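**Student:** Sharing final-v9.cif (mmCIF, C-alpha atoms and all ligand atoms) below.
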```cif
data_work
loop_
_atom_site.label_atom_id
_atom_site.label_comp_id
_atom_site.auth_asym_id
_atom_site.auth_seq_id
_atom_site.Cartn_x
_atom_site.Cartn_y
_atom_site.Cartn_z
CA SER A 1 -25.33 66.11 111.10
CA PRO A 2 -22.27 67.85 109.63
CA GLU A 3 -19.74 69.36 112.00
CA ALA A 4 -21.15 72.38 113.80
CA ARG A 5 -19.87 75.70 112.48
CA LEU A 6 -18.34 78.22 114.88
CA PHE A 7 -18.37 81.97 114.19
CA VAL A 8 -16.35 83.99 116.71
CA HIS A 9 -16.69 87.77 116.77
CA ALA A 10 -14.76 90.26 118.88
CA ASP A 11 -17.78 91.32 120.90
CA ALA A 12 -21.58 91.20 121.05
CA GLU A 13 -21.92 94.29 118.84
CA GLN A 14 -19.81 92.88 116.02
CA LEU A 15 -21.59 89.55 116.40
CA ALA A 16 -24.95 91.31 115.99
CA ASP A 17 -23.63 93.14 112.90
CA ALA A 18 -22.59 89.87 111.27
CA LEU A 19 -25.80 88.10 112.22
CA THR A 20 -27.84 90.97 110.74
CA LEU A 21 -26.15 90.50 107.37
CA GLU A 22 -26.77 86.74 107.64
CA TRP A 23 -30.48 87.39 108.29
CA VAL A 24 -30.69 89.68 105.23
CA ARG A 25 -28.93 87.04 103.10
CA ARG A 26 -31.22 84.23 104.20
CA VAL A 27 -34.45 86.24 103.85
CA GLN A 28 -33.41 87.41 100.36
CA ALA A 29 -32.55 83.84 99.36
CA ALA A 30 -36.01 82.63 100.43
CA ALA A 31 -37.67 85.59 98.66
CA SER A 32 -35.76 84.80 95.46
CA LEU A 33 -37.43 81.37 95.55
CA ASN A 34 -40.81 82.88 96.44
CA ALA A 35 -40.62 80.71 99.54
CA PRO A 36 -41.81 81.69 103.01
CA PHE A 37 -39.02 82.21 105.55
CA ARG A 38 -40.00 80.66 108.88
CA VAL A 39 -37.78 81.62 111.79
CA ALA A 40 -38.12 80.98 115.54
CA LEU A 41 -36.67 83.59 117.88
CA PRO A 42 -35.38 83.21 121.43
CA GLY A 43 -36.00 85.45 124.36
CA GLY A 44 -33.24 86.94 126.44
CA SER A 45 -30.88 89.85 125.98
CA THR A 46 -28.51 88.45 123.35
CA PRO A 47 -30.91 88.49 120.38
CA ARG A 48 -32.17 92.00 121.16
CA ARG A 49 -29.13 93.60 119.47
CA LEU A 50 -29.84 91.66 116.28
CA LEU A 51 -33.54 92.59 116.30
CA GLU A 52 -32.81 96.30 116.90
CA ARG A 53 -30.45 96.30 113.90
CA LEU A 54 -33.02 94.63 111.66
CA ALA A 55 -35.43 97.46 112.54
CA LEU A 56 -32.98 100.15 111.31
CA PRO A 57 -34.14 102.15 108.27
CA GLN A 58 -31.01 101.10 106.35
CA TYR A 59 -32.41 97.55 106.14
CA ALA A 60 -35.95 98.58 105.15
CA LYS A 61 -35.21 98.05 101.45
CA GLU A 62 -33.08 94.95 102.08
CA ILE A 63 -35.73 92.87 103.81
CA ASP A 64 -39.10 91.96 102.32
CA TRP A 65 -41.06 91.18 105.49
CA SER A 66 -44.11 89.91 103.60
CA GLY A 67 -42.63 86.42 103.36
CA VAL A 68 -41.13 86.25 106.83
CA HIS A 69 -42.98 84.27 109.50
CA VAL A 70 -41.77 84.90 113.05
CA PHE A 71 -42.31 82.22 115.67
CA PHE A 72 -40.95 81.86 119.20
CA GLY A 73 -38.69 79.14 120.59
CA ASP A 74 -40.27 79.63 123.98
CA GLU A 75 -42.41 82.09 125.91
CA ARG A 76 -43.14 82.90 129.49
CA CYS A 77 -46.77 82.46 130.53
CA VAL A 78 -47.38 86.19 131.05
CA PRO A 79 -49.47 88.75 129.10
CA PRO A 80 -47.86 89.99 125.85
CA GLY A 81 -47.17 93.42 127.33
CA HIS A 82 -45.40 92.02 130.39
CA ALA A 83 -41.71 92.89 130.84
CA ASP A 84 -40.88 89.16 131.03
CA SER A 85 -42.63 88.37 127.75
CA ASN A 86 -40.35 87.30 124.91
CA TYR A 87 -42.98 88.58 122.49
CA HIS A 88 -42.80 91.98 124.24
CA MET A 89 -39.02 92.14 123.76
CA VAL A 90 -39.26 91.14 120.08
CA HIS A 91 -42.18 93.53 119.47
CA GLU A 92 -40.38 96.49 121.05
CA ALA A 93 -37.03 95.75 119.37
CA LEU A 94 -38.30 94.78 115.93
CA LEU A 95 -41.94 94.01 115.15
CA ARG A 96 -43.41 97.44 115.84
CA HIS A 97 -40.81 99.00 113.49
CA VAL A 98 -41.17 96.82 110.38
CA PRO A 99 -44.05 96.09 107.96
CA ILE A 100 -44.41 92.41 108.84
CA PRO A 101 -48.02 91.26 108.28
CA THR A 102 -49.81 90.66 111.56
CA GLY A 103 -50.67 87.12 110.44
CA ASN A 104 -46.96 86.38 110.08
CA VAL A 105 -46.26 86.80 113.78
CA HIS A 106 -47.06 83.62 115.70
CA CYS A 107 -46.87 84.25 119.42
CA MET A 108 -47.49 81.87 122.31
CA ARG A 109 -50.19 83.10 124.72
CA GLY A 110 -49.95 80.80 127.73
CA GLU A 111 -50.87 83.21 130.51
CA ASP A 112 -54.30 81.70 131.08
CA ASP A 113 -53.94 78.05 130.12
CA PRO A 114 -50.36 76.87 129.46
CA TYR A 115 -51.29 73.32 128.48
CA GLY A 116 -54.14 74.51 126.28
CA GLU A 117 -51.78 76.98 124.63
CA ALA A 118 -49.18 74.27 123.93
CA ALA A 119 -51.91 72.37 122.06
CA ARG A 120 -53.12 75.50 120.26
CA TYR A 121 -49.59 76.48 119.19
CA THR A 122 -49.03 72.96 117.91
CA GLU A 123 -52.12 73.38 115.70
CA GLU A 124 -50.90 76.84 114.57
CA LEU A 125 -47.59 75.26 113.57
CA ARG A 126 -49.33 72.47 111.67
CA ARG A 127 -51.56 74.94 109.84
CA THR A 128 -48.83 77.49 109.04
CA PHE A 129 -46.42 74.83 107.81
CA GLY A 130 -49.24 73.11 105.91
CA ILE A 131 -48.32 69.68 107.21
CA ALA A 132 -50.04 66.65 108.69
CA ALA A 133 -49.90 66.05 112.43
CA SER A 134 -47.65 63.05 111.68
CA GLN A 135 -44.94 65.30 110.18
CA VAL A 136 -42.59 67.60 112.13
CA PRO A 137 -42.49 71.32 111.20
CA ARG A 138 -39.16 72.16 109.57
CA PHE A 139 -38.09 75.69 110.41
CA ASP A 140 -35.76 77.44 107.99
CA TRP A 141 -33.87 78.92 110.93
CA ILE A 142 -34.15 78.58 114.69
CA LEU A 143 -32.15 81.07 116.76
CA LEU A 144 -31.49 79.95 120.32
CA GLY A 145 -29.73 81.29 123.37
CA VAL A 146 -27.94 79.19 125.97
CA GLY A 147 -28.24 79.70 129.71
CA THR A 148 -25.25 79.41 132.05
CA ASP A 149 -26.75 76.05 133.07
CA GLY A 150 -26.80 74.89 129.46
CA HIS A 151 -30.54 75.31 128.99
CA THR A 152 -31.88 76.38 125.65
CA ALA A 153 -35.36 77.63 124.81
CA SER A 154 -37.11 76.45 127.98
CA LEU A 155 -35.51 73.02 127.99
CA PHE A 156 -33.79 72.89 131.35
CA PRO A 157 -31.23 70.38 132.69
CA GLY A 158 -32.78 67.49 134.57
CA GLN A 159 -36.32 68.08 133.29
CA ASN A 160 -36.26 64.77 131.48
CA GLU A 161 -40.00 64.66 130.78
CA THR A 162 -39.68 67.90 128.78
CA LEU A 163 -36.47 66.72 127.09
CA ALA A 164 -38.09 63.40 126.10
CA CYS A 165 -41.36 65.00 124.98
CA ARG A 166 -42.29 64.00 121.41
CA ASP A 167 -44.97 66.70 121.05
CA TRP A 168 -43.95 69.81 119.09
CA CYS A 169 -44.32 72.11 122.04
CA THR A 170 -44.93 71.57 125.70
CA VAL A 171 -45.10 73.28 129.09
CA ALA A 172 -41.87 73.54 131.11
CA HIS A 173 -41.28 75.16 134.47
CA HIS A 174 -38.36 77.43 135.30
CA PRO A 175 -36.17 75.53 137.80
CA ASP A 176 -35.87 78.47 140.20
CA SER A 177 -39.13 80.37 139.95
CA GLY A 178 -41.30 77.41 138.93
CA GLN A 179 -42.85 79.83 136.41
CA PRO A 180 -44.57 77.90 133.58
CA ARG A 181 -43.25 78.39 130.06
CA ILE A 182 -44.30 77.17 126.64
CA THR A 183 -41.37 75.76 124.68
CA LEU A 184 -40.63 74.10 121.37
CA THR A 185 -39.31 70.59 121.95
CA LEU A 186 -36.24 68.72 120.72
CA PRO A 187 -38.05 67.00 117.81
CA VAL A 188 -38.82 70.44 116.33
CA LEU A 189 -35.42 71.96 117.13
CA ASN A 190 -33.65 68.91 115.67
CA HIS A 191 -35.73 68.97 112.48
CA ALA A 192 -34.82 72.57 111.57
CA ALA A 193 -32.74 73.26 108.47
CA CYS A 194 -30.44 75.33 110.64
CA VAL A 195 -30.11 76.12 114.35
CA SER A 196 -27.89 79.03 115.37
CA PHE A 197 -26.93 79.47 119.02
CA LEU A 198 -26.18 83.05 120.05
CA VAL A 199 -23.82 83.01 123.03
CA THR A 200 -22.00 86.05 124.40
CA GLY A 201 -20.28 86.99 127.63
CA LEU A 202 -17.71 85.45 129.93
CA ASP A 203 -20.49 84.04 132.12
CA LYS A 204 -21.34 81.69 129.25
CA ALA A 205 -17.77 80.49 128.62
CA ASP A 206 -18.03 77.38 130.82
CA ALA A 207 -21.44 76.38 129.45
CA LEU A 208 -20.23 76.87 125.88
CA ALA A 209 -17.05 74.86 126.46
CA ALA A 210 -18.99 72.04 128.12
CA VAL A 211 -21.74 71.93 125.50
CA LYS A 212 -19.30 72.00 122.60
CA ASN A 213 -16.33 70.01 123.89
CA ASP A 214 -16.98 68.09 127.07
CA PRO A 215 -18.62 64.78 126.08
CA GLU A 216 -18.95 63.59 129.66
CA ARG A 217 -20.92 66.71 130.75
CA ARG A 218 -22.68 67.27 127.45
CA GLN A 219 -25.56 64.98 128.21
CA ARG A 220 -26.50 67.20 131.16
CA PHE A 221 -26.88 70.23 128.88
CA PRO A 222 -30.07 70.46 126.81
CA ALA A 223 -28.31 72.76 124.32
CA ALA A 224 -26.01 69.81 123.57
CA CYS A 225 -29.02 67.68 122.60
CA VAL A 226 -29.81 69.88 119.59
CA GLU A 227 -28.67 68.15 116.39
CA ALA A 228 -30.23 69.91 113.44
CA GLU A 229 -29.12 69.55 109.82
CA GLN A 230 -26.81 72.49 110.40
CA VAL A 231 -25.83 73.73 113.88
CA GLU A 232 -24.00 77.02 114.17
CA TRP A 233 -22.47 78.78 117.13
CA TRP A 234 -22.38 82.57 116.89
CA VAL A 235 -20.25 83.62 119.84
CA ASP A 236 -18.12 86.50 121.03
CA GLU A 237 -14.51 86.13 122.18
CA ALA A 238 -15.50 86.28 125.85
CA ALA A 239 -17.83 83.30 125.54
CA ALA A 240 -15.26 81.46 123.40
CA SER A 241 -12.40 82.15 125.82
CA ARG A 242 -12.49 78.63 127.28
CA LEU A 243 -12.99 76.68 124.05
C1 LIG A 301 -35.70 82.83 127.46
C2 LIG A 301 -34.79 82.28 126.40
C3 LIG A 301 -33.68 81.56 127.10
C4 LIG A 301 -32.46 82.39 126.77
C5 LIG A 301 -31.28 82.02 127.61
C6 LIG A 301 -30.10 82.94 127.33
O1 LIG A 301 -36.94 82.76 127.30
O2 LIG A 301 -35.13 83.39 128.40
O3 LIG A 301 -35.41 81.58 125.44
O4 LIG A 301 -33.47 80.23 126.67
O5 LIG A 301 -32.14 82.21 125.39
O6 LIG A 301 -31.69 82.14 128.96
O7 LIG A 301 -30.52 84.24 127.58
P1 LIG A 301 -29.50 85.47 127.29
O8 LIG A 301 -29.26 85.46 125.81
O9 LIG A 301 -30.26 86.69 127.76
O10 LIG A 301 -28.28 85.19 128.10
#
```
Transcribe the structure of this file into structure tokens.
Ligand code: 6PG

**Tutor:**
Amino acid sequence: SPEARLFVHADAEQLADALTLEWVRRVQAAASLNAPFRVALPGGSTPRRLLERLALPQYAKEIDWSGVHVFFGDERCVPPGHADSNYHMVHEALLRHVPIPTGNVHCMRGEDDPYGEAARYTEELRRTFGIAASQVPRFDWILLGVGTDGHTASLFPGQNETLACRDWCTVAHHPDSGQPRITLTLPVLNHAACVSFLVTGLDKADALAAVKNDPERRQRFPAACVEAEQVEWWVDEAAASRL
């Protein structure tokens, strides 16, 4: 894949401003081709700023939500209204404020049967992307965060079964809490047209430096295993301070 692109912004607010304009540009480009825009969102605090901006009235005329399909990179196996739910964060920050068709929001509901949900979500991907089970869904854009341990989505260091999984989504377990999570897998992340990592804060500086520049340690960081057609790093100066 071509060299990863690095976008450094002064702070998380300015990063979110720039990413908002990038979202508008990409959605408008897809709409101009009458093409659906299929994007997978991460959980965590970093993307919330972007989502809250996209919900602002000033973007209402800029974004035609009818062609946007929102998916999730991973989800905790909790009810959708639970504080830990990635869907809950995205719904509160964005979805409840914009006219996105209900059928365009594809959430993972693993609270009752994580393994059954991984299979169901795989079928929802196949149906929504209109592809055969032998093909891999190709997202237009996958936004991902990175943990201080180099995890991304719910692909955690050392969980080699999850990292080697060839299914489109699978069940992972948080290394500390053991909490089950549904996550997209590397075959899907690597097949995306573009993956953008959103990384802010000094606490991420070491992980970012290792994932981007430290070949010896890279293989221990799942975020370093993502090799899509275009990989972008959207970071603030604090996270980039050790690059
Ligand atoms: C999740 C996310 C996870 C997140 C990282 C970074 O479900 O928590 O998918 O992979 O992106 O933990 O989170 P922050 O952006 O909040 O630091």

**Student:** Can you measure atom P1 of ligand LIG 301 (chain A) to atom CA of A:Phe197 for me? One decimal in Å is fine.

**Tutor:**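 Computing the Euclidean distance for atom P1 of ligand LIG 301 (chain A) and atom CA of A:Phe197 yields 10.5 Å.
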
**Student:** Using all atoms listed in the file, determine which residues lie at most 10 Å from stretch 126-130 of chain A, disregarding the query and same-chain residues fewer than 2 positions distant; provide the list as a VMD selection string.

**Tutor:** chain A and resid 36 38 69 103 to 104 106 120 to 124 132 to 139 168

**Student:** Could the residues in this selection be written to a file with C-alpha atoms, as a PDB file, keeping the file's coordinate frame?

**Tutor:**
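Result written to out_37.pdb:
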```pdb
ATOM      1  CA  PRO A  36     -41.810  81.690 103.010  1.00  0.00           C
ATOM      2  CA  ARG A  38     -40.000  80.660 108.880  1.00  0.00           C
ATOM      3  CA  HIS A  69     -42.980  84.270 109.500  1.00  0.00           C
ATOM      4  CA  GLY A 103     -50.670  87.120 110.440  1.00  0.00           C
ATOM      5  CA  ASN A 104     -46.960  86.380 110.080  1.00  0.00           C
ATOM      6  CA  HIS A 106     -47.060  83.620 115.700  1.00  0.00           C
ATOM      7  CA  ARG A 120     -53.120  75.500 120.260  1.00  0.00           C
ATOM      8  CA  TYR A 121     -49.590  76.480 119.190  1.00  0.00           C
ATOM      9  CA  THR A 122     -49.030  72.960 117.910  1.00  0.00           C
ATOM     10  CA  GLU A 123     -52.120  73.380 115.700  1.00  0.00           C
ATOM     11  CA  GLU A 124     -50.900  76.840 114.570  1.00  0.00           C
ATOM     12  CA  ALA A 132     -50.040  66.650 108.690  1.00  0.00           C
ATOM     13  CA  ALA A 133     -49.900  66.050 112.430  1.00  0.00           C
ATOM     14  CA  SER A 134     -47.650  63.050 111.680  1.00  0.00           C
ATOM     15  CA  GLN A 135     -44.940  65.300 110.180  1.00  0.00           C
ATOM     16  CA  VAL A 136     -42.590  67.600 112.130  1.00  0.00           C
ATOM     17  CA  PRO A 137     -42.490  71.320 111.200  1.00  0.00           C
ATOM     18  CA  ARG A 138     -39.160  72.160 109.570  1.00  0.00           C
ATOM     19  CA  PHE A 139     -38.090  75.690 110.410  1.00  0.00           C
ATOM     20  CA  TRP A 168     -43.950  69.810 119.090  1.00  0.00           C
TER      21      TRP A 168
END
```

**Student:** Produce as an NGL selection string the set of residues near ligand LIG 301 (chain A), where near means within 9 Å with only C-alpha atoms and all ligand atoms considered.

**Tutor:** :A and (41-48 or 72-76 or 84-86 or 143-156 or 181 or 183 or 197-201 or 203-204)

**Student:** Could you work out how far atom CA of A:His97 lies from atom CA of A:Ala31, giving the answer in Å with one decimal?

**Tutor:**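 These atoms are spaced 20.2 Å apart.
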
**Student:** At a cut-off of 7 Å around the point (-34.0, 80.5, 112.0) (file coordinates), what residues fall inside when counting all atoms listed in the file? I'd like the answer as an NGL selection string.

**Tutor:** :A and (38-40 or 139-143 or 194-195)

**Student:** Fix up stretch 95-106 of chain A with all heavy atoms, then write it as a CSV table (one decimal), keeping the file's coordinate frame.

**Tutor:**
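So selection_5.csv came out as:
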```
chain,number,residue,atom,x,y,z
A,95,LEU,N,-40.7,94.2,115.9
A,95,LEU,CA,-41.9,94.0,115.2
A,95,LEU,C,-42.7,95.3,115.0
A,95,LEU,O,-43.3,95.5,113.9
A,95,LEU,CB,-42.8,93.0,115.9
A,95,LEU,CG,-42.2,91.6,116.0
A,95,LEU,CD1,-43.2,90.6,116.7
A,95,LEU,CD2,-41.9,91.0,114.6
A,96,ARG,N,-42.6,96.2,115.9
A,96,ARG,CA,-43.4,97.4,115.8
A,96,ARG,C,-42.8,98.4,114.8
A,96,ARG,O,-43.4,99.4,114.5
A,96,ARG,CB,-43.6,98.1,117.2
A,96,ARG,CG,-42.2,98.6,117.8
A,96,ARG,CD,-42.5,98.9,119.3
A,96,ARG,NE,-43.1,100.2,119.4
A,96,ARG,CZ,-42.5,101.4,119.8
A,96,ARG,NH1,-41.2,101.3,120.0
A,96,ARG,NH2,-43.1,102.5,119.9
A,97,HIS,N,-41.5,98.1,114.4
A,97,HIS,CA,-40.8,99.0,113.5
A,97,HIS,C,-40.8,98.6,112.0
A,97,HIS,O,-40.3,99.3,111.2
A,97,HIS,CB,-39.3,99.1,114.0
A,97,HIS,CG,-39.2,99.5,115.4
A,97,HIS,ND1,-39.5,100.8,115.8
A,97,HIS,CD2,-38.9,98.8,116.5
A,97,HIS,CE1,-39.3,100.9,117.1
A,97,HIS,NE2,-38.9,99.7,117.6
A,98,VAL,N,-41.3,97.3,111.8
A,98,VAL,CA,-41.2,96.8,110.4
A,98,VAL,C,-42.5,96.4,109.9
A,98,VAL,O,-43.4,96.1,110.7
A,98,VAL,CB,-40.2,95.6,110.3
A,98,VAL,CG1,-38.8,96.1,110.7
A,98,VAL,CG2,-40.7,94.4,111.2
A,99,PRO,N,-42.7,96.4,108.5
A,99,PRO,CA,-44.0,96.1,108.0
A,99,PRO,C,-44.3,94.6,107.8
A,99,PRO,O,-44.6,94.1,106.8
A,99,PRO,CB,-44.0,96.8,106.6
A,99,PRO,CG,-42.5,96.7,106.2
A,99,PRO,CD,-41.8,96.8,107.5
A,100,ILE,N,-44.1,93.9,108.9
A,100,ILE,CA,-44.4,92.4,108.8
A,100,ILE,C,-45.9,92.2,109.0
A,100,ILE,O,-46.5,92.8,109.9
A,100,ILE,CB,-43.6,91.6,109.9
A,100,ILE,CG1,-43.8,90.1,109.7
A,100,ILE,CG2,-44.0,92.1,111.3
A,100,ILE,CD1,-42.8,89.3,110.6
A,101,PRO,N,-46.6,91.5,108.1
A,101,PRO,CA,-48.0,91.3,108.3
A,101,PRO,C,-48.3,90.7,109.6
A,101,PRO,O,-47.6,89.8,110.1
A,101,PRO,CB,-48.3,90.3,107.1
A,101,PRO,CG,-47.2,90.4,106.1
A,101,PRO,CD,-46.0,90.8,107.0
A,102,THR,N,-49.4,91.1,110.2
A,102,THR,CA,-49.8,90.7,111.6
A,102,THR,C,-49.9,89.1,111.6
A,102,THR,O,-49.5,88.5,112.5
A,102,THR,CB,-51.2,91.3,112.0
A,102,THR,OG1,-51.1,92.7,111.7
A,102,THR,CG2,-51.5,91.0,113.4
A,103,GLY,N,-50.5,88.6,110.5
A,103,GLY,CA,-50.7,87.1,110.4
A,103,GLY,C,-49.4,86.3,110.4
A,103,GLY,O,-49.4,85.1,110.5
A,104,ASN,N,-48.3,87.1,110.2
A,104,ASN,CA,-47.0,86.4,110.1
A,104,ASN,C,-46.2,86.3,111.4
A,104,ASN,O,-45.1,85.8,111.5
A,104,ASN,CB,-46.0,87.1,109.1
A,104,ASN,CG,-46.5,87.0,107.7
A,104,ASN,OD1,-47.6,86.6,107.4
A,104,ASN,ND2,-45.6,87.2,106.7
A,105,VAL,N,-46.9,86.8,112.4
A,105,VAL,CA,-46.3,86.8,113.8
A,105,VAL,C,-47.0,85.8,114.6
A,105,VAL,O,-48.3,86.0,114.8
A,105,VAL,CB,-46.3,88.2,114.5
A,105,VAL,CG1,-45.6,88.1,115.8
A,105,VAL,CG2,-45.5,89.2,113.6
A,106,HIS,N,-46.4,84.7,115.0
A,106,HIS,CA,-47.1,83.6,115.7
A,106,HIS,C,-46.6,83.5,117.1
A,106,HIS,O,-45.6,83.0,117.5
A,106,HIS,CB,-46.7,82.3,115.0
A,106,HIS,CG,-47.0,82.4,113.5
A,106,HIS,ND1,-48.3,82.1,113.0
A,106,HIS,CD2,-46.3,82.8,112.4
A,106,HIS,CE1,-48.2,82.3,111.6
A,106,HIS,NE2,-47.0,82.7,111.3
```
